[in-house]
$ cat query_5.csv   # CSV, C-alpha atoms
chain,number,residue,atom,x,y,z
V,265,MET,CA,-6.2,98.3,50.8
V,266,SER,CA,-4.7,99.4,54.1
V,267,GLN,CA,-1.2,101.0,54.3
V,268,HIS,CA,0.1,97.7,55.9
V,269,GLU,CA,-1.4,95.6,53.0
V,270,LYS,CA,0.2,98.0,50.5
V,271,SER,CA,3.6,97.7,52.2
V,272,THR,CA,3.3,93.9,52.3
V,273,ALA,CA,2.3,93.7,48.7
V,274,SER,CA,5.2,95.9,47.5
V,275,SER,CA,7.7,93.8,49.5
V,276,TYR,CA,6.8,90.9,47.2
V,277,GLU,CA,7.5,92.9,44.0
V,278,LEU,CA,10.8,91.9,42.3
V,279,SER,CA,13.0,94.5,40.7
V,280,HIS,CA,13.9,94.1,37.0
V,281,SER,CA,17.3,92.7,37.9
V,282,ASP,CA,15.8,90.3,40.5
V,283,THR,CA,13.3,89.1,37.9
V,284,LEU,CA,16.0,88.3,35.4
V,285,GLU,CA,18.1,86.6,38.1
V,286,ALA,CA,15.2,84.4,39.1
V,287,GLU,CA,14.5,83.4,35.5
V,288,SER,CA,18.1,82.5,35.0
V,289,ALA,CA,18.2,80.5,38.2
V,290,HIS,CA,15.1,78.6,37.1
V,291,ILE,CA,16.8,77.7,33.8
V,292,PHE,CA,19.9,76.4,35.5
V,293,ARG,CA,17.9,74.3,37.9
V,294,GLU,CA,15.7,73.0,35.1
V,295,VAL,CA,18.8,71.8,33.2
V,296,ALA,CA,20.3,70.2,36.3
V,297,ALA,CA,17.0,68.3,36.8
V,298,THR,CA,16.6,67.3,33.2
V,299,PHE,CA,20.0,66.5,31.7
V,300,GLU,CA,22.7,64.0,32.6
V,301,ARG,CA,25.9,65.8,31.5
V,302,PRO,CA,25.6,69.6,31.3
V,303,VAL,CA,28.6,71.9,30.8
V,304,LEU,CA,29.0,75.7,31.0
V,305,LEU,CA,30.9,77.6,28.4
V,306,PHE,CA,33.3,80.0,30.2
V,307,SER,CA,35.6,82.3,28.2
V,308,GLY,CA,36.3,84.9,30.9
V,309,GLY,CA,34.1,87.4,29.1
V,310,LYS,CA,31.5,89.5,30.9
V,311,ASP,CA,28.5,87.4,29.9
V,312,SER,CA,30.1,84.1,30.8
V,313,VAL,CA,31.3,85.6,34.1
V,314,VAL,CA,27.7,86.8,34.9
V,315,MET,CA,26.4,83.4,33.8
V,316,LEU,CA,28.8,81.6,36.2
V,317,HIS,CA,27.9,84.0,39.0
V,318,LEU,CA,24.2,83.2,38.5
V,319,ALA,CA,24.9,79.4,38.4
V,320,ALA,CA,26.8,79.7,41.7
V,321,LYS,CA,23.9,81.5,43.3
V,322,ALA,CA,21.3,79.1,41.9
V,323,PHE,CA,22.9,76.1,43.6
V,324,TRP,CA,24.4,77.7,46.7
V,325,PRO,CA,25.6,76.5,49.1
V,326,ALA,CA,26.5,73.5,46.9
V,327,PRO,CA,28.9,74.2,44.0
V,328,PRO,CA,27.5,74.2,40.4
V,329,PRO,CA,26.9,70.6,39.5
V,330,PHE,CA,28.7,70.8,36.1
V,331,PRO,CA,32.2,71.6,34.8
V,332,VAL,CA,33.1,74.7,32.8
V,333,LEU,CA,34.5,74.5,29.3
V,334,HIS,CA,36.7,77.1,27.5
V,335,ILE,CA,37.3,76.9,23.8
V,336,ASP,CA,40.8,78.4,23.6
V,337,THR,CA,41.8,79.8,20.2
V,338,GLY,CA,45.4,80.4,21.3
V,339,HIS,CA,44.8,84.1,20.3
V,340,ASN,CA,43.1,85.2,23.6
V,341,PHE,CA,44.0,88.3,25.5
V,342,ASP,CA,46.5,87.4,28.3
V,343,GLU,CA,44.4,89.3,30.9
V,344,VAL,CA,41.4,87.0,30.1
V,345,ILE,CA,43.3,83.8,30.4
V,346,GLU,CA,44.8,84.9,33.7
V,347,PHE,CA,41.3,85.8,34.9
V,348,ARG,CA,39.9,82.5,33.7
V,349,ASP,CA,42.4,80.5,35.6
V,350,ARG,CA,42.1,82.6,38.7
V,351,THR,CA,38.3,82.4,38.8
V,352,ALA,CA,38.4,78.6,38.3
V,353,GLU,CA,40.8,78.2,41.2
V,354,ARG,CA,38.9,80.6,43.5
V,355,LEU,CA,35.6,78.8,42.9
V,356,GLY,CA,37.0,75.3,42.9
V,357,LEU,CA,35.7,74.7,39.4
V,358,ARG,CA,36.5,71.8,37.1
V,359,LEU,CA,37.9,73.7,34.2
V,360,ILE,CA,38.2,71.9,30.8
V,361,VAL,CA,40.2,73.6,28.1
V,362,ALA,CA,39.7,72.6,24.4
V,363,ARG,CA,42.4,74.1,22.2
V,364,VAL,CA,42.0,75.1,18.6
V,365,GLN,CA,45.8,74.5,18.2
V,366,ASP,CA,45.2,70.8,18.8
V,367,ASP,CA,42.8,70.6,15.8
V,368,ILE,CA,45.2,72.6,13.7
V,369,ASP,CA,48.0,70.2,14.6
V,370,ALA,CA,45.8,67.2,13.9
V,371,GLY,CA,44.8,68.5,10.5
V,372,ARG,CA,41.1,68.8,11.3
V,373,VAL,CA,41.2,72.5,10.4
V,374,VAL,CA,43.4,74.7,8.4
V,375,GLU,CA,44.7,78.0,9.8
V,376,GLU,CA,44.1,81.2,7.8
V,377,THR,CA,47.0,83.3,6.8
V,378,GLY,CA,47.4,87.0,6.0
V,379,PRO,CA,46.8,90.3,7.8
V,380,ARG,CA,43.1,89.6,8.4
V,381,ALA,CA,43.5,85.9,9.4
V,382,SER,CA,41.6,84.8,12.5
V,383,ARG,CA,41.1,81.5,14.3
V,384,ASN,CA,37.6,82.6,15.3
V,385,ARG,CA,35.7,80.4,12.9
V,386,LEU,CA,37.9,77.4,13.7
V,387,GLN,CA,36.4,77.3,17.2
V,388,THR,CA,33.4,75.5,15.8
V,389,THR,CA,35.3,72.3,15.1
V,390,THR,CA,37.0,72.5,18.5
V,391,LEU,CA,33.7,73.1,20.3
V,392,LEU,CA,31.9,70.2,18.6
V,393,ARG,CA,34.9,67.9,19.3
V,394,ALA,CA,34.8,68.9,23.0
V,395,ILE,CA,31.1,68.3,23.3
V,396,ARG,CA,31.4,64.9,21.6
V,397,GLU,CA,34.4,63.8,23.7
V,398,GLY,CA,32.7,65.0,26.9
V,399,GLY,CA,29.4,63.4,26.0
V,400,TYR,CA,27.6,66.7,27.0
V,401,ASP,CA,23.9,66.8,26.4
V,402,ALA,CA,23.3,70.4,27.5
V,403,VAL,CA,25.7,73.3,26.9
V,404,PHE,CA,25.2,76.6,28.7
V,405,GLY,CA,26.1,79.7,26.6
V,406,GLY,CA,26.1,83.4,27.4
V,407,ALA,CA,24.4,84.6,24.2
V,408,ARG,CA,21.7,87.3,24.5
V,409,ARG,CA,19.0,88.1,22.1
V,410,ASP,CA,19.8,91.8,21.9
V,411,GLU,CA,23.3,91.2,20.6
V,412,GLU,CA,22.7,90.2,17.0
V,413,LYS,CA,19.8,89.3,14.7
V,414,ALA,CA,20.6,85.6,14.5
V,415,ARG,CA,20.8,85.3,18.2
V,416,ALA,CA,17.4,87.0,18.5
V,417,LYS,CA,15.9,84.0,16.8
V,418,GLU,CA,17.1,81.6,19.5
V,419,ARG,CA,15.0,80.0,22.1
V,420,VAL,CA,16.3,79.5,25.6
V,421,PHE,CA,16.6,75.7,24.9
V,422,SER,CA,18.1,75.5,21.4
V,423,PHE,CA,18.1,72.1,19.8
V,424,ARG,CA,21.2,70.9,17.9
V,425,ASP,CA,21.3,67.8,15.8
V,426,ALA,CA,23.9,65.0,15.9
V,427,ASP,CA,26.3,67.2,13.8
V,428,GLY,CA,25.9,70.1,16.2
V,429,GLN,CA,23.9,72.1,13.6
V,430,TRP,CA,21.2,74.7,14.3
V,431,ASP,CA,18.0,75.0,12.2
V,432,PRO,CA,16.0,78.1,13.0
V,433,ARG,CA,12.9,76.5,11.6
V,434,ALA,CA,13.1,73.6,14.1
V,435,GLN,CA,13.0,75.8,17.2
V,436,ARG,CA,10.5,74.6,19.8
V,437,PRO,CA,7.8,76.7,21.4
V,438,GLU,CA,8.5,77.9,25.0
V,439,LEU,CA,5.1,79.1,26.3
V,440,TRP,CA,4.9,79.9,30.0
V,441,ASN,CA,8.6,79.2,30.4
V,442,LEU,CA,8.1,75.5,29.7
V,443,TYR,CA,11.3,74.1,28.1
V,444,ASN,CA,11.6,71.0,25.9
V,445,GLY,CA,14.9,69.3,26.5
V,446,ARG,CA,14.1,66.0,24.6
V,447,HIS,CA,16.9,64.8,22.4
V,448,ARG,CA,18.4,61.5,21.1
V,449,ARG,CA,21.8,60.2,21.9
V,450,GLY,CA,24.4,62.3,20.1
V,451,GLU,CA,22.2,65.4,19.9
V,452,HIS,CA,22.3,68.2,22.5
V,453,ILE,CA,20.7,71.4,23.6
V,454,ARG,CA,22.4,74.8,23.8
V,455,VAL,CA,20.9,76.6,26.8
V,456,PHE,CA,21.0,80.4,27.1
V,457,PRO,CA,20.1,81.6,30.6
V,458,LEU,CA,20.8,85.3,29.6
V,459,SER,CA,18.5,85.3,26.6
V,460,ASN,CA,16.3,88.1,27.9
V,461,TRP,CA,19.1,90.2,29.4
V,462,THR,CA,20.5,93.3,27.6
V,463,GLU,CA,24.0,94.7,27.7
V,464,LEU,CA,22.6,97.4,30.1
V,465,ASP,CA,21.1,94.7,32.3
V,466,ILE,CA,24.4,92.8,32.4
V,467,TRP,CA,26.3,95.9,33.5
V,468,THR,CA,23.6,97.0,36.0
V,469,TYR,CA,23.9,93.6,37.6
V,470,ILE,CA,27.7,93.6,37.6
V,471,ALA,CA,27.6,96.9,39.5
V,472,ALA,CA,24.9,95.8,42.0
V,473,GLU,CA,26.6,92.4,42.7
V,474,GLY,CA,30.2,93.7,42.7
V,475,ILE,CA,31.2,91.1,40.1
V,476,ASP,CA,34.9,91.0,39.2
V,477,LEU,CA,35.9,91.2,35.5
V,478,PRO,CA,39.1,91.2,33.5
V,479,PRO,CA,40.6,94.7,33.5
V,480,LEU,CA,40.0,95.0,29.7
V,481,TYR,CA,36.4,96.0,30.3
V,482,TYR,CA,37.5,99.3,31.9
V,483,ALA,CA,39.3,102.2,30.3
V,484,HIS,CA,43.1,101.8,29.9
V,485,ARG,CA,45.9,102.9,27.6
V,486,ARG,CA,47.0,100.5,24.9
V,487,PRO,CA,48.4,100.4,21.4
V,488,VAL,CA,45.6,100.1,18.8
V,489,VAL,CA,45.2,99.9,15.0
V,490,ARG,CA,42.3,101.4,13.2
V,491,ARG,CA,40.7,99.0,10.7
V,492,ASP,CA,37.3,99.1,9.0
V,493,GLY,CA,36.0,101.8,11.4
V,494,MET,CA,37.1,99.8,14.5
V,495,LEU,CA,40.0,100.0,16.9
V,496,LEU,CA,41.8,96.6,17.2
V,497,ALA,CA,44.3,96.0,20.0
V,498,HIS,CA,47.8,95.8,18.6
V,499,THR,CA,48.9,92.5,20.1
V,500,ARG,CA,51.3,89.8,19.0
V,501,PHE,CA,48.4,88.0,17.3
V,502,LEU,CA,47.5,90.9,15.0
V,503,THR,CA,49.3,91.3,11.6
V,504,THR,CA,49.0,94.9,10.4
V,505,ASP,CA,48.0,95.6,6.9
V,506,ALA,CA,49.7,98.1,4.6
V,507,GLY,CA,49.2,101.6,5.8
V,508,GLU,CA,48.0,100.6,9.3
V,509,GLU,CA,50.1,102.4,11.9
V,510,PRO,CA,49.6,101.5,15.6
V,511,PHE,CA,48.9,104.4,18.0
V,512,GLU,CA,48.0,104.7,21.7
V,513,ALA,CA,44.5,105.4,22.9
V,514,THR,CA,42.4,105.2,26.1
V,515,VAL,CA,40.0,102.4,25.4
V,516,ARG,CA,37.9,99.6,26.9
V,517,PHE,CA,36.3,96.5,25.5
V,518,ARG,CA,32.6,96.0,25.3
V,519,THR,CA,33.0,92.3,24.5
V,520,VAL,CA,36.0,90.0,24.6
V,521,GLY,CA,36.8,87.2,22.1
V,522,ASP,CA,39.6,86.4,19.8
V,523,ALA,CA,42.2,89.2,19.9
V,524,THR,CA,42.4,89.3,16.1
V,525,CYS,CA,38.7,90.3,15.5
V,526,THR,CA,37.5,91.9,18.8
V,527,GLY,CA,37.5,95.7,18.7
V,528,CYS,CA,37.5,98.2,21.5
V,529,VAL,CA,36.0,101.7,22.0
V,530,GLU,CA,37.4,104.9,23.2
V,531,SER,CA,36.2,105.4,26.8
V,532,THR,CA,37.0,107.0,30.1
V,533,ALA,CA,34.8,104.6,32.1
V,534,VAL,CA,36.8,103.0,34.9
V,535,THR,CA,34.0,101.7,37.2
V,536,PRO,CA,30.9,99.6,36.6
V,537,GLU,CA,28.7,102.6,37.3
V,538,GLN,CA,30.5,104.7,34.7
V,539,VAL,CA,30.1,101.9,32.2
V,540,VAL,CA,26.4,101.7,32.9
V,541,ALA,CA,26.0,105.4,32.1
V,542,GLU,CA,28.0,104.9,28.9
V,543,VAL,CA,26.0,101.8,27.8
V,544,ALA,CA,22.7,103.6,28.5
V,545,ALA,CA,23.6,106.2,26.0
V,546,THR,CA,24.8,103.9,23.1
V,547,ARG,CA,22.6,102.9,20.3
V,548,VAL,CA,24.7,100.1,18.8
V,549,THR,CA,25.1,96.6,20.3
V,550,GLU,CA,28.6,95.5,21.4
V,551,ARG,CA,28.8,92.9,18.7
V,552,GLY,CA,27.6,95.4,16.0
V,553,ALA,CA,30.2,97.9,17.1
V,554,THR,CA,33.3,95.8,17.9
V,555,ARG,CA,33.2,92.3,16.4
V,556,ALA,CA,34.8,92.1,13.0
V,557,ASP,CA,33.8,88.4,12.7
V,558,ASP,CA,30.1,89.5,12.5
V,559,ARG,CA,30.9,91.6,9.3
V,560,ILE,CA,31.8,88.7,7.0
V,561,SER,CA,28.3,88.8,5.4
V,562,GLU,CA,24.8,89.9,6.2
V,563,ALA,CA,24.0,86.4,7.6
V,564,GLY,CA,27.5,85.8,9.0
V,565,MET,CA,26.4,84.8,12.5
V,566,GLU,CA,23.5,82.7,11.3
V,567,ASP,CA,25.7,80.8,8.8
V,568,ARG,CA,28.2,80.0,11.6
V,569,LYS,CA,25.4,78.9,14.0
V,570,ARG,CA,24.2,76.5,11.3
V,571,GLU,CA,27.7,75.0,11.3
V,572,GLY,CA,27.6,74.6,15.1
V,573,TYR,CA,29.1,77.9,16.4
V,574,PHE,CA,28.2,79.2,19.8
$ encode --input "query_5.csv" --output "structure tokens"
Amino acid sequence: MSQHEKSTASSYELSHSDTLEAESAHIFREVAATFERPVLLFSGGKDSVVMLHLAAKAFWPAPPPFPVLHIDTGHNFDEVIEFRDRTAERLGLRLIVARVQDDIDAGRVVEETGPRASRNRLQTTTLLRAIREGGYDAVFGGARRDEEKARAKERVFSFRDADGQWDPRAQRPELWNLYNGRHRRGEHIRVFPLSNWTELDIWTYIAAEGIDLPPLYYAHRRPVVRRDGMLLAHTRFLTTDAGEEPFEATVRFRTVGDATCTGCVESTAVTPEQVVAEVAATRVTERGATRADDRISEAGMEDRKREGYF
């Protein structure tokens, strides 16, 4: 092969990030061509932000042909809600907010009480209600297989029955990136465009693309409480237990969810590049290190997914 031929061949080789981006774009376009009423779950967390960025690129110069849906527990970090609203306005998105408080007020769910109370599990009822009311037949989620063992079982197209439940034994084969979106009325498909991404891939892409994130993802000073080996932000939503004394620390969040069960880690990383270096050295996934809701049992996530959780 001549030098010119080698140069031409190498110009067609995609980098790892470009390959992941192309796969995600293909998934978005496949859904747009196959389903009638897709919706994208958008929490303002890093994975949903990257997912929205990929969707915008997949359909550019047209806007994404679906709305974005946030399941609001009412116990979210203020910085995340501000970022969510600012992003929706900047991109001209149709933002739909389904509130857990509405289901509490209607008596569809009962709020937990006590120092370790959380609204996290109540989100399932609100999510299924929002899907039913919107008539959505495909729901994009930002879950990745490297996060947690139950999520590692997921296909890209994850079938959910009429009750929104997930059966790991009913997963469909996806050979050669061929996806099966067949479903009956009332059923839907959860779609995970970031399935093959890792936390390091996400941060490498954020750095390369200059993607804006809530400031919680970078090192900052804040009051925290140490609980079960994790640092939880001392916010108005957190009820301290006996013997728990708030103290200040320089921390950042690896994942962002309900403020009552999302931990942070001590860090000095204030740029995406510094976070990339930090993530490259860690050996524990972000959910394993900082999500108290995943510690309810050995099969905690899988049990919730069977109920209809994200």
$ residues_around --input "query_5.csv" --residues "stretch 432-447 of chain V" --least-positions-apart "2" --cutoff "8 Å" --atoms "only C-alpha atoms" --output "list of chain:residue names"
V:Thr298, V:Phe299, V:Lys417, V:Glu418, V:Arg419, V:Val420, V:Phe421, V:Ser422, V:Phe423, V:Trp430, V:Arg449, V:Glu451, V:His452, V:Ile453
$ closest_atom_pairs --input "query_5.csv" --of "stretch 275-365 of chain V" --to "stretch 479-486 of chain V" --cutoff "10 Å" --atoms "all atoms listed in the file" --output "JSON lines"
{"residue": "V:Gly309", "atom": "CA", "partner": "V:Tyr481", "partner_atom": "CA", "distance": 9.0}
{"residue": "V:Lys310", "atom": "CA", "partner": "V:Tyr481", "partner_atom": "CA", "distance": 8.2}
{"residue": "V:Phe341", "atom": "CA", "partner": "V:Leu480", "partner_atom": "CA", "distance": 8.9}
{"residue": "V:Glu343", "atom": "CA", "partner": "V:Pro479", "partner_atom": "CA", "distance": 7.1}
{"residue": "V:Val344", "atom": "CA", "partner": "V:Leu480", "partner_atom": "CA", "distance": 8.1}
{"residue": "V:Phe347", "atom": "CA", "partner": "V:Pro479", "partner_atom": "CA", "distance": 9.0}
$ write_last_selection --input "query_5.csv" --atoms "C-alpha atoms" --output "PDB file, keeping the file's coordinate frame"
ATOM      1  CA  GLY V 309      34.100  87.400  29.100  1.00  0.00           C
ATOM      2  CA  LYS V 310      31.500  89.500  30.900  1.00  0.00           C
ATOM      3  CA  PHE V 341      44.000  88.300  25.500  1.00  0.00           C
ATOM      4  CA  GLU V 343      44.400  89.300  30.900  1.00  0.00           C
ATOM      5  CA  VAL V 344      41.400  87.000  30.100  1.00  0.00           C
ATOM      6  CA  PHE V 347      41.300  85.800  34.900  1.00  0.00           C
TER       7      PHE V 347
END
$ residues_around --input "query_5.csv" --residues "V:Ala286" --least-positions-apart "6" --cutoff "12 Å" --atoms "all atoms listed in the file" --output "list in words"
Leu278, Ser279, His280, Phe292, Arg293, Leu318, Ala319, Lys321, Ala322, Pro457, Leu458, Asn460 and Trp461 of chain V
$ closest_residue --input "query_5.csv" --among "V:Val534, V:Ala545, V:Val515, V:Val295" --to "V:Asp401" --atoms "only C-alpha atoms"
V:Val295
$ closest_residue --input "query_5.csv" --among "V:Gly308, V:Gly371, V:Gly507, V:Pro331" --to "V:Gly406" --atoms "only C-alpha atoms"
V:Gly308
$ closest_atom_pairs --input "query_5.csv" --of "stretch 506-561 of chain V" --to "stretch 304-307 of chain V" --cutoff "12 Å" --atoms "all atoms listed in the file" --output "JSON lines"
{"residue": "V:Thr519", "atom": "CA", "partner": "V:Ser307", "partner_atom": "CA", "distance": 11.0}
{"residue": "V:Val520", "atom": "CA", "partner": "V:Ser307", "partner_atom": "CA", "distance": 8.5}
{"residue": "V:Gly521", "atom": "CA", "partner": "V:Ser307", "partner_atom": "CA", "distance": 7.9}
{"residue": "V:Asp522", "atom": "CA", "partner": "V:Ser307", "partner_atom": "CA", "distance": 10.2}
$ closest_residue --input "query_5.csv" --among "V:Ile335, V:Ala370, V:Ala414, V:Ile360" --to "V:Gln387" --atoms "all atoms listed in the file"
V:Ile335
$ atom_distance --input "query_5.csv" --atom1 "atom CA of V:Phe501" --atom2 "atom CA of V:Thr337"
10.9 Å
$ atom_distance --input "query_5.csv" --atom1 "atom CA of V:Glu530" --atom2 "atom CA of V:Arg516"
6.5 Å
$ atom_distance --input "query_5.csv" --atom1 "atom CA of V:Glu463" --atom2 "atom CA of V:Glu412"
11.7 Å
$ closest_residue --input "query_5.csv" --among "V:Tyr400, V:Val314, V:Gly356, V:His339" --to "V:Pro302" --atoms "all atoms listed in the file"
V:Tyr400
$ residues_around --input "query_5.csv" --residues "V:Gly338" --least-positions-apart "2" --cutoff "8 Å" --atoms "all atoms listed in the file" --output "list of chain:residue names"
V:Asp336, V:Asn340, V:Arg363, V:Val364, V:Gln365
$ write_last_selection --input "query_5.csv" --atoms "C-alpha atoms" --output "tab-separated table (two decimals), keeping the file's coordinate frame"
chain	number	residue	atom	x	y	z
V	336	ASP	CA	40.80	78.40	23.60
V	340	ASN	CA	43.10	85.20	23.60
V	363	ARG	CA	42.40	74.10	22.20
V	364	VAL	CA	42.00	75.10	18.60
V	365	GLN	CA	45.80	74.50	18.20
$ residues_around --input "query_5.csv" --residues "V:Leu386" --least-positions-apart "4" --cutoff "10 Å" --atoms "only C-alpha atoms" --output "PDB file with C-alpha atoms, in the coordinates of the input"
ATOM      1  CA  THR V 337      41.800  79.800  20.200  1.00  0.00           C
ATOM      2  CA  VAL V 364      42.000  75.100  18.600  1.00  0.00           C
ATOM      3  CA  GLN V 365      45.800  74.500  18.200  1.00  0.00           C
ATOM      4  CA  ASP V 367      42.800  70.600  15.800  1.00  0.00           C
ATOM      5  CA  ILE V 368      45.200  72.600  13.700  1.00  0.00           C
ATOM      6  CA  ARG V 372      41.100  68.800  11.300  1.00  0.00           C
ATOM      7  CA  VAL V 373      41.200  72.500  10.400  1.00  0.00           C
ATOM      8  CA  VAL V 374      43.400  74.700   8.400  1.00  0.00           C
ATOM      9  CA  GLU V 375      44.700  78.000   9.800  1.00  0.00           C
ATOM     10  CA  GLU V 376      44.100  81.200   7.800  1.00  0.00           C
ATOM     11  CA  SER V 382      41.600  84.800  12.500  1.00  0.00           C
ATOM     12  CA  THR V 390      37.000  72.500  18.500  1.00  0.00           C
ATOM     13  CA  LEU V 391      33.700  73.100  20.300  1.00  0.00           C
ATOM     14  CA  TYR V 573      29.100  77.900  16.400  1.00  0.00           C
TER      15      TYR V 573
END
